[in-house]
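Asker: model_30.txt is reproduced below (compact mmCIF, C-alpha atoms).
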```txt
# COMPACT_ATOMS: atom_id res chain seq x y z
CA MET A 1 57.80 -37.99 39.74
CA ASN A 2 54.42 -38.91 38.25
CA VAL A 3 54.53 -40.33 34.72
CA ARG A 4 51.43 -41.09 32.83
CA ILE A 5 51.21 -44.68 31.57
CA GLU A 6 50.60 -43.83 27.98
CA GLU A 7 53.81 -41.72 27.88
CA ARG A 8 55.97 -44.22 29.74
CA THR A 9 59.14 -45.31 27.80
CA GLN A 10 59.37 -48.85 26.77
CA THR A 11 63.11 -49.45 26.99
CA ALA A 12 65.86 -48.56 29.48
CA ALA A 13 67.80 -46.68 26.80
CA GLU A 14 64.83 -44.47 26.04
CA PHE A 15 64.24 -43.87 29.78
CA ILE A 16 67.86 -42.72 30.31
CA ALA A 17 67.67 -40.47 27.24
CA ALA A 18 64.52 -38.87 28.61
CA LEU A 19 66.14 -38.15 31.92
CA GLN A 20 69.03 -36.42 30.20
CA SER A 21 66.85 -34.27 28.01
CA GLU A 22 66.32 -30.46 28.72
CA GLU A 23 62.68 -30.97 29.37
CA VAL A 24 63.48 -32.57 32.69
CA LYS A 25 63.92 -29.80 35.37
CA ARG A 26 66.70 -30.27 37.87
CA VAL A 27 65.81 -29.24 41.42
CA GLU A 28 68.77 -27.84 43.42
CA PRO A 29 68.78 -28.65 47.14
CA VAL A 30 67.65 -25.72 49.34
CA LYS A 31 70.38 -24.48 51.68
CA LEU A 32 69.21 -22.85 54.96
CA LYS A 33 70.88 -19.47 55.76
CA ALA A 34 72.52 -19.05 59.14
CA GLU A 35 70.61 -16.66 61.41
CA VAL A 36 73.32 -14.01 61.39
CA GLY A 37 72.60 -10.90 63.66
CA LYS A 38 70.19 -12.60 66.03
CA PHE A 39 71.24 -12.75 69.79
CA PRO A 40 70.79 -15.59 72.23
CA LEU A 41 68.22 -15.07 75.01
CA TRP A 42 70.85 -14.90 77.85
CA LEU A 43 72.68 -12.08 76.07
CA LYS A 44 69.45 -10.09 75.67
CA ILE A 45 68.69 -10.37 79.44
CA SER A 46 72.26 -9.35 80.44
CA SER A 47 72.11 -6.26 78.19
CA ALA A 48 68.80 -5.16 79.75
CA VAL A 49 70.16 -5.50 83.32
CA LEU A 50 73.34 -3.55 82.43
CA GLY A 51 71.26 -0.73 80.94
CA VAL A 52 69.20 -0.41 84.15
CA VAL A 53 72.42 -0.23 86.27
CA VAL A 54 73.94 2.53 84.07
CA LEU A 55 70.71 4.55 84.21
CA ALA A 56 70.57 4.27 88.05
CA LEU A 57 74.22 5.42 88.38
CA GLY A 58 73.50 8.39 86.15
CA ILE A 59 70.57 9.46 88.36
CA LEU A 60 72.62 9.12 91.59
CA ILE A 61 75.54 11.13 90.19
CA GLY A 62 73.22 13.83 88.86
CA SER A 63 71.49 14.21 92.25
CA GLY A 64 74.82 14.43 94.11
CA VAL A 65 74.35 11.20 96.10
CA ILE A 66 77.49 9.81 94.48
CA PRO A 67 80.16 12.51 93.84
CA LEU A 68 81.52 12.65 90.34
CA ILE A 69 85.01 13.65 91.57
CA PRO A 70 86.78 10.63 93.07
CA LYS A 71 87.97 10.74 96.68
CA ILE A 72 91.45 9.99 97.92
CA VAL A 73 91.56 8.10 101.23
CA GLY A 74 91.37 10.67 104.03
CA ALA A 75 90.97 13.76 101.80
CA SER A 76 89.49 14.90 98.53
CA ILE A 77 91.71 15.78 95.59
CA PHE A 78 91.00 19.50 95.79
CA LYS A 79 90.72 19.90 99.58
CA SER A 80 91.85 23.29 100.97
CA GLU A 81 94.83 23.60 103.32
CA GLN A 82 93.99 22.57 106.89
CA VAL A 83 95.66 23.21 110.27
CA ASN A 84 95.31 21.87 113.80
CA THR A 85 93.42 24.26 116.10
CA PRO A 86 95.79 25.52 118.85
CA GLY A 87 94.62 25.39 122.48
CA VAL A 88 93.98 28.92 123.84
CA VAL A 89 92.01 28.16 127.04
CA LEU A 90 93.38 30.11 130.08
CA MET A 91 95.21 32.53 127.77
CA SER A 92 94.45 36.25 127.66
CA GLN A 93 92.63 37.53 124.60
CA ALA A 94 95.80 39.22 123.30
CA GLU A 95 97.88 36.04 123.71
CA ALA A 96 95.22 33.92 121.98
CA ASP A 97 95.00 36.41 119.11
CA GLU A 98 98.75 36.09 118.43
CA VAL A 99 98.69 32.26 118.61
CA LEU A 100 95.67 31.91 116.30
CA LYS A 101 96.98 34.50 113.86
CA ALA A 102 100.25 32.55 113.58
CA ALA A 103 98.21 29.43 112.75
CA GLY A 104 96.23 31.27 110.07
CA LEU A 105 93.00 31.33 112.10
CA VAL A 106 90.72 34.19 113.19
CA LEU A 107 89.69 34.95 116.80
CA GLN A 108 86.12 35.90 117.70
CA VAL A 109 84.74 36.60 121.20
CA GLU A 110 81.41 34.81 121.43
CA ASP A 111 80.39 35.51 125.03
CA LEU A 112 81.35 36.75 128.53
CA GLN A 113 80.53 34.50 131.51
CA PHE A 114 81.08 34.60 135.26
CA SER A 115 83.54 32.04 136.63
CA ASP A 116 84.81 31.11 140.10
CA LYS A 117 87.72 29.12 138.63
CA VAL A 118 89.00 31.10 135.64
CA ALA A 119 90.53 34.53 136.30
CA LYS A 120 88.89 37.62 134.80
CA ASP A 121 89.70 38.30 131.13
CA LYS A 122 91.10 34.76 130.65
CA ILE A 123 89.58 32.35 128.09
CA MET A 124 87.20 29.73 129.52
CA LEU A 125 86.03 27.86 126.41
CA GLN A 126 86.93 27.60 122.74
CA GLU A 127 85.21 26.15 119.68
CA PRO A 128 86.62 24.26 117.72
CA LEU A 129 88.45 22.39 120.49
CA SER A 130 92.25 22.16 120.65
CA GLY A 131 93.71 19.77 118.08
CA LYS A 132 90.71 19.71 115.74
CA LEU A 133 91.59 19.89 112.03
CA VAL A 134 90.04 22.99 110.37
CA ASP A 135 90.47 25.00 107.16
CA LYS A 136 92.96 27.86 107.24
CA GLY A 137 91.15 31.15 107.83
CA ALA A 138 88.40 29.52 109.94
CA LEU A 139 86.90 31.28 112.99
CA VAL A 140 87.77 30.17 116.53
CA SER A 141 85.04 31.35 118.91
CA ILE A 142 86.00 31.92 122.56
CA THR A 143 84.14 32.54 125.81
CA VAL A 144 85.95 34.95 128.14
CA SER A 145 85.74 34.95 131.95
CA ASN A 146 84.15 38.06 133.47
CA GLY A 147 85.51 37.11 136.92
CA THR A 148 83.34 36.04 139.79
CA GLU A 149 79.79 37.30 139.98
CA ALA A 150 80.48 38.65 143.47
CA ASP A 151 83.40 40.78 142.23
CA TYR A 152 81.30 42.03 139.33
CA ILE A 153 78.46 43.03 141.64
CA ALA A 154 80.92 44.73 144.03
CA ALA A 155 82.50 46.67 141.15
CA GLN A 156 79.13 47.79 139.90
CA ALA A 157 78.08 48.73 143.43
CA ALA A 158 81.21 50.83 143.92
CA ALA A 159 80.61 52.59 140.63
CA ALA A 160 76.94 53.04 141.50
CA LEU A 161 77.84 54.75 144.77
CA GLN A 162 79.69 57.31 142.69
CA GLY A 163 76.89 57.39 140.13
CA LYS A 164 79.25 55.82 137.58
CA VAL A 165 79.55 52.68 135.41
CA SER A 166 82.75 50.98 134.27
CA ILE A 167 83.57 50.71 130.54
CA PRO A 168 84.09 47.02 129.56
CA ASN A 169 86.64 45.67 127.07
CA LEU A 170 84.76 45.12 123.79
CA VAL A 171 87.65 44.49 121.36
CA GLY A 172 87.21 41.18 119.50
CA MET A 173 83.61 40.81 120.71
CA ARG A 174 80.80 40.36 118.19
CA GLU A 175 78.90 43.60 117.58
CA GLU A 176 75.60 42.08 118.74
CA THR A 177 77.15 40.87 122.03
CA ALA A 178 78.95 44.20 122.58
CA LEU A 179 75.77 46.24 122.09
CA ALA A 180 73.90 43.99 124.53
CA GLU A 181 76.65 44.45 127.15
CA LEU A 182 76.61 48.24 126.74
CA GLN A 183 72.82 48.34 126.95
CA LYS A 184 72.94 46.35 130.20
CA LEU A 185 75.35 48.94 131.68
CA GLY A 186 73.36 51.92 130.41
CA ILE A 187 76.09 53.07 128.00
CA ASN A 188 75.06 54.47 124.62
CA VAL A 189 76.78 54.13 121.24
CA ASN A 190 77.52 57.34 119.36
CA ALA A 191 79.14 56.43 116.03
CA VAL A 192 79.97 53.07 114.44
CA THR A 193 82.72 53.05 111.81
CA ARG A 194 83.15 49.94 109.63
CA ARG A 195 86.37 48.94 107.90
CA GLU A 196 88.24 45.88 106.65
CA ASP A 197 90.56 44.05 109.06
CA ASP A 198 92.85 41.05 108.54
CA VAL A 199 92.74 39.95 112.20
CA ILE A 200 89.24 40.62 113.61
CA ALA A 201 86.44 38.60 111.97
CA ALA A 202 83.49 40.29 110.27
CA ASP A 203 81.10 41.98 112.76
CA GLY A 204 83.81 41.96 115.46
CA ILE A 205 84.83 45.09 117.39
CA ILE A 206 88.24 46.44 116.26
CA ALA A 207 88.50 49.43 118.62
CA GLN A 208 86.52 51.46 121.16
CA SER A 209 86.83 55.16 122.01
CA MET A 210 87.08 54.66 125.80
CA ALA A 211 89.53 52.39 127.61
CA GLU A 212 88.40 49.43 129.70
CA GLY A 213 87.76 50.33 133.34
CA THR A 214 87.04 54.02 132.71
CA LEU A 215 84.30 55.20 135.09
CA VAL A 216 81.62 57.23 133.27
CA ASP A 217 78.10 58.46 133.93
CA LYS A 218 75.19 56.33 132.73
CA GLY A 219 74.03 57.54 129.34
CA THR A 220 77.59 58.32 128.21
CA ALA A 221 78.12 57.53 124.51
CA LEU A 222 81.23 55.92 123.01
CA ASP A 223 82.34 55.20 119.43
CA LEU A 224 83.01 51.75 117.99
CA VAL A 225 85.02 50.53 115.00
CA VAL A 226 83.57 47.28 113.54
CA SER A 227 85.29 44.85 111.16
CA THR A 228 83.79 44.07 107.75
CA GLY A 229 86.16 41.10 107.36
CA ARG A 230 89.29 40.61 105.34
CA ALA A 231 90.04 42.60 102.21
CA SER A 232 88.42 41.03 99.16
CA SER A 233 90.74 39.14 96.81
CA THR A 234 90.46 37.80 93.27
CA THR A 235 88.45 34.55 93.24
CA LYS A 236 90.49 31.59 92.02
CA PRO A 237 88.83 29.03 89.72
CA ASN A 238 87.84 25.70 91.22
CA PRO A 239 90.43 23.15 90.00
CA GLY A 240 87.74 20.46 89.90
CA THR A 241 85.53 22.32 87.44
CA PRO A 242 86.68 22.44 83.79
CA ASN A 243 86.62 25.81 82.13
CA PRO A 244 83.64 26.20 79.76
CA PRO A 245 84.49 26.68 76.09
CA ALA A 246 84.86 30.26 75.04
CA GLN A 247 81.85 31.67 73.25
CA ILE A 248 82.25 34.43 70.74
CA THR A 249 79.35 36.81 70.70
CA PRO A 250 79.04 39.98 68.70
CA THR A 251 79.75 43.13 70.71
CA PRO A 252 76.68 45.36 70.70
CA THR A 253 77.16 49.01 70.01
CA PRO A 254 76.54 50.84 73.32
CA PRO A 255 73.85 53.51 73.22
CA SER A 256 75.08 57.04 73.40
CA THR A 257 74.86 58.58 76.87
CA PRO A 258 75.16 62.22 77.84
CA GLN A 259 78.60 63.14 79.19
CA GLN A 260 78.63 63.49 82.98
CA THR A 261 80.68 66.01 84.91
CA PRO A 262 83.21 64.19 87.14
CA VAL A 263 82.54 64.55 90.88
CA ALA A 264 85.44 65.78 92.99
CA PRO A 265 86.44 63.38 95.82
CA ALA A 266 85.14 64.32 99.28
CA LYS A 267 87.98 65.59 101.50
CA VAL A 268 88.29 65.47 105.28
CA ASN A 269 87.81 68.90 106.89
CA SER A 270 88.26 68.01 110.59
CA VAL A 271 89.59 65.24 112.86
CA SER A 272 88.58 64.66 116.50
CA ILE A 273 90.26 62.28 118.98
CA SER A 274 88.52 60.51 121.87
CA GLY A 275 89.77 58.17 124.57
CA ASN A 276 91.35 58.08 128.02
CA VAL A 277 93.81 60.98 128.46
CA THR A 278 95.24 59.97 131.85
CA ILE A 279 97.36 56.84 132.06
CA GLU A 280 100.00 55.29 134.32
CA ALA A 281 103.53 54.67 133.07
CA GLY A 282 103.88 51.12 131.76
CA ASN A 283 100.24 50.88 130.68
CA GLY A 284 98.50 51.41 127.33
CA THR A 285 95.22 52.78 126.02
CA GLN A 286 93.38 52.95 122.69
CA LEU A 287 92.56 56.31 121.11
CA THR A 288 90.00 56.70 118.32
CA ALA A 289 90.03 59.32 115.55
CA ALA A 290 86.75 60.41 113.94
CA VAL A 291 86.85 62.35 110.67
CA SER A 292 84.30 64.80 109.27
CA PRO A 293 82.51 64.43 106.98
CA SER A 294 82.04 60.75 107.77
CA ASN A 295 81.47 59.95 104.06
CA ALA A 296 84.90 61.26 103.00
CA ASP A 297 86.53 59.11 100.32
CA ASN A 298 89.57 58.41 102.53
CA THR A 299 88.94 58.26 106.28
CA SER A 300 92.42 56.96 107.23
CA VAL A 301 94.66 58.98 109.55
CA SER A 302 98.34 58.96 110.54
CA TRP A 303 99.22 59.12 114.25
CA ARG A 304 102.09 61.04 115.90
CA SER A 305 103.45 61.58 119.41
CA SER A 306 105.07 64.86 120.38
CA ASN A 307 107.44 63.10 122.82
CA GLU A 308 108.31 59.43 122.28
CA ASN A 309 110.13 59.34 125.64
CA VAL A 310 106.85 60.00 127.47
CA ALA A 311 104.49 57.96 125.27
CA SER A 312 104.49 56.37 121.81
CA VAL A 313 101.51 55.78 119.52
CA SER A 314 101.00 53.01 116.95
CA SER A 315 99.57 53.30 113.44
CA THR A 316 96.18 52.26 114.85
CA GLY A 317 96.11 54.85 117.68
CA TYR A 318 97.22 52.61 120.56
CA VAL A 319 99.23 54.67 123.09
CA THR A 320 101.96 53.10 125.24
CA ALA A 321 102.96 55.18 128.30
CA LYS A 322 106.68 55.12 129.14
CA ASN A 323 107.60 57.87 131.58
CA THR A 324 105.77 60.51 133.64
CA GLY A 325 104.96 63.80 131.92
CA SER A 326 102.64 65.37 129.37
CA VAL A 327 102.49 64.49 125.69
CA THR A 328 100.40 65.56 122.70
CA ILE A 329 99.00 62.82 120.49
CA SER A 330 97.84 63.99 117.05
CA ALA A 331 96.05 62.40 114.09
CA THR A 332 96.30 63.82 110.56
CA ALA A 333 94.03 62.94 107.63
CA ALA A 334 95.80 60.78 105.05
CA ASP A 335 93.95 62.28 102.05
CA GLY A 336 96.26 65.28 101.81
CA SER A 337 93.63 67.74 103.04
CA GLY A 338 95.83 68.80 105.97
CA ALA A 339 93.00 68.31 108.47
CA SER A 340 94.19 67.10 111.90
CA GLY A 341 93.22 66.82 115.54
CA SER A 342 95.13 66.36 118.81
CA THR A 343 94.68 65.54 122.50
CA GLN A 344 96.84 66.24 125.55
CA MET A 345 97.69 63.18 127.65
CA ARG A 346 99.17 62.92 131.17
CA VAL A 347 101.37 59.99 132.16
CA LEU A 348 101.38 59.39 135.93
CA GLU A 349 103.65 57.43 138.25
CA PRO A 350 102.70 53.74 138.45
CA GLN A 351 100.39 53.14 141.40
CA ILE A 352 100.34 50.29 143.89
CA HIS A 353 96.78 49.03 143.59
CA VAL A 354 94.56 47.66 146.35
CA THR A 355 93.99 43.91 146.18
CA GLY A 356 92.03 43.41 149.42
CA VAL A 357 90.40 45.19 152.39
CA ILE A 358 89.68 44.01 155.94
CA ILE A 359 87.32 45.59 158.50
CA SER A 360 88.85 45.60 161.97
CA TYR A 361 87.51 46.78 165.33
CA VAL A 362 88.37 46.82 169.02
CA GLY A 363 86.01 45.18 171.50
CA ASP A 364 82.52 43.82 170.87
CA ILE A 365 80.50 44.80 167.77
CA SER A 366 77.26 44.18 169.63
CA LEU A 367 75.95 47.56 170.86
CA SER A 368 73.09 48.92 172.85
CA THR A 369 71.29 51.91 171.40
CA VAL A 370 73.56 54.37 173.28
CA PRO A 371 77.27 53.51 172.81
CA THR A 372 79.23 53.75 169.58
CA VAL A 373 82.00 51.66 168.03
CA THR A 374 84.72 52.61 165.56
CA LEU A 375 85.55 50.38 162.57
CA THR A 376 88.82 50.61 160.66
CA CYS A 377 89.64 49.51 157.08
CA GLU A 378 93.02 47.87 156.53
CA PHE A 379 94.46 47.45 153.02
CA THR A 380 96.36 44.76 151.16
CA PRO A 381 99.07 45.68 150.37
CA ARG A 382 99.54 48.09 153.25
CA ASN A 383 101.40 50.61 151.05
CA ALA A 384 98.64 50.86 148.41
CA THR A 385 98.71 54.26 146.72
CA ASN A 386 95.00 55.08 146.88
CA GLN A 387 93.53 54.25 150.30
CA LYS A 388 90.19 56.01 149.92
CA VAL A 389 87.08 53.99 150.77
CA VAL A 390 83.29 54.30 150.75
CA TRP A 391 81.26 53.05 153.76
CA SER A 392 77.60 51.94 153.54
CA ILE A 393 75.02 50.17 155.69
CA ALA A 394 72.21 47.91 154.47
CA ASP A 395 69.61 49.17 157.01
CA PRO A 396 70.25 52.79 158.09
CA SER A 397 67.36 52.61 160.57
CA VAL A 398 69.38 50.22 162.80
CA ALA A 399 72.58 52.28 162.99
CA LYS A 400 74.03 55.53 161.71
CA LEU A 401 77.47 55.75 160.05
CA ILE A 402 79.83 58.71 160.55
CA PRO A 403 82.72 58.21 158.05
CA LYS A 404 86.17 59.46 159.09
CA GLY A 405 88.48 58.53 156.20
CA ASN A 406 89.57 54.89 156.56
CA GLN A 407 87.48 54.69 159.75
CA VAL A 408 83.79 54.91 160.43
CA GLU A 409 81.95 55.57 163.71
CA VAL A 410 78.84 53.43 164.13
CA VAL A 411 76.01 54.77 166.32
CA GLY A 412 73.25 52.33 167.29
CA LEU A 413 69.70 53.58 166.72
CA LYS A 414 67.42 50.61 167.41
CA PRO A 415 67.74 46.87 168.06
CA GLY A 416 68.47 44.86 164.95
CA THR A 417 71.11 43.51 162.57
CA ALA A 418 72.61 45.30 159.60
CA LYS A 419 75.44 44.62 157.16
CA ILE A 420 78.14 47.29 157.01
CA LYS A 421 80.14 47.35 153.78
CA VAL A 422 83.39 49.05 152.80
CA ILE A 423 84.49 49.47 149.16
CA ALA A 424 88.00 50.56 148.14
CA GLU A 425 87.97 53.32 145.56
CA ASP A 426 90.95 51.70 143.82
CA GLY A 427 90.33 48.24 142.40
CA ASN A 428 86.67 48.06 143.44
CA VAL A 429 87.61 45.66 146.26
CA SER A 430 85.07 45.29 149.09
CA ASN A 431 84.30 43.54 152.39
CA THR A 432 81.25 43.30 154.72
CA LEU A 433 80.60 42.92 158.44
CA ASP A 434 77.44 41.89 160.29
CA PHE A 435 76.64 44.49 162.98
CA PHE A 436 74.30 43.91 165.94
CA VAL A 437 72.43 46.52 168.00
CA LEU A 438 71.07 45.03 171.21
CA PRO A 439 68.10 46.35 173.21
```
Please re-express this file's structure in structure tokens.
Answerer:
Amino acid sequence: MNVRIEERTQTAAEFIAALQSEEVKRVEPVKLKAEVGKFPLWLKISSAVLGVVVLALGILIGSGVIPLIPKIVGASIFKSEQVNTPGVVLMSQAEADEVLKAAGLVLQVEDLQFSDKVAKDKIMLQEPLSGKLVDKGALVSITVSNGTEADYIAAQAAAALQGKVSIPNLVGMREETALAELQKLGINVNAVTRREDDVIAADGIIAQSMAEGTLVDKGTALDLVVSTGRASSTTKPNPGTPNPPAQITPTPTPPSTPQQTPVAPAKVNSVSISGNVTIEAGNGTQLTAAVSPSNADNTSVSWRSSNENVASVSSTGYVTAKNTGSVTISATAADGSGASGSTQMRVLEPQIHVTGVIISYVGDISLSTVPTVTLTCEFTPRNATNQKVVWSIADPSVAKLIPKGNQVEVVGLKPGTAKIKVIAEDGNVSNTLDFFVLP
């Protein structure tokens, strides 16, 4: 405090009285406020780092790199039912179909390949492999053995000598593969019918109008039935996706439309049946029914046999021969139109088929250009029902063949070597012999 001299009090009592007067201002001590709401530096840095981490996680989840739905060890929460793939290698196609169907899987023939180790019509390969865990309803693709290449060539050669080709088994094969096989053999496709099937996968062949092994002329046309897959079912909601909230929107008033005259359903007016009509007792064959018009609303038919003791027929047209005789197989349209078709079938005695042939001869097979030699064909088994054969020679300028049933007389024409071949009419079994004509 600054006090001027001329105003300075003279006594202590006056000085105390002056201090206690109202003219003297009292100065209160200044109290500093605590800095409430301000954060320390370490807390600010930690908050910034945490924000960056949360933002990065959000980006990864949004892009699908990190799934939003948590995983349980070994399987996801909403994983579909899975089964172990059965092993079907070395099974027939029919056996594999039953095994896979029982496991809830679908068979599909992917390819045919020649094999020296796996018998004809047996399964060589499968994908997925045996034991692999797959979803129920998954496809199991198989590769089927077409036998040895030599047997195939011999069969085609035998058919070619008669001007014929042999119908292959196409059931279960993919449509693309089946069409390629038919094109290779010179067989045409007449009509392709498509329908749903619970066993054969989409684009697989369900049935064919001619039985396997039937000998036909090149250019012959057959009908195919192709699967469109299983019947459609109501789609179930994904349990991992929450249902969106219901939205109420005003229902617009539909514009008035002119009344249309209802169209009457198209009815079937005729049914035709195709397939092999001669069969041995104990065997089976597939018949196919074609309805007209093809765009009828209901193309289904019901099958019937006139004599179940001779042959029975399934709901799909598969005939099982039981005893010798004649039987009429009929198919009737299921739309109530009354249209039907029928075919007469003959069931023959079971035959003993040829499994091998041997060319035998007496003496030397080396000839001069004058003498002749007689060759004989012997069958395995010896009591085979059909013992007819076809003889051929690779170079007819070397020797001339004079067939005499199971025997052939060979006449030498000029020096040289030629292969003589015999093919059994039954079973397409063949054998060859090198023949020499000496000077």
Asker: Residues within 7 Å of range 89-103 of chain A, please, as a PyMOL selection string. Count only C-alpha atoms; anything in the same chain fewer than 3 positions from it doesn't count.
Answerer: chain A and resi 86+106-107+121-126
Asker: What does the distance from CA of Ala333 in chain A to CA of Ser300 in chain A come to in Å, to one decimal?
Answerer: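 Separation of CA of Ala333 in chain A and CA of Ser300 in chain A: 6.2 Å.
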Asker: Suppose you want the space between CA of Pro350 in chain A and CA of Lys218 in chain A; what is it in Å?
Answerer: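 Atom-to-atom, CA of Pro350 in chain A and CA of Lys218 in chain A are spaced 28.2 Å apart.
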Asker: Report the distance between CA of Ile167 in chain A and CA of Ser274 in chain A in Å, rounded to one decimal place.
Answerer: 14.0 Å
Asker: If the box runs along x, y and z of the file and leaves 3 Å on each side of range 397-413 of chain A, what are its centre and edge lengths in Å, one decimal, as lines of an AutoDock Vina configuration file?
Answerer:
```
center_x = 78.5
center_y = 54.8
center_z = 161.7
size_x = 28.2
size_y = 15.2
size_z = 17.1
```
Asker: Write out as JSON, numbers by chain each polymer residue whose atoms come within 7 Å of Met173 in chain A, counting all atoms listed in the file; drop sequence neighbours fewer than 6 positions from it.
Answerer: {"A": [108, 109, 110, 204, 205]}
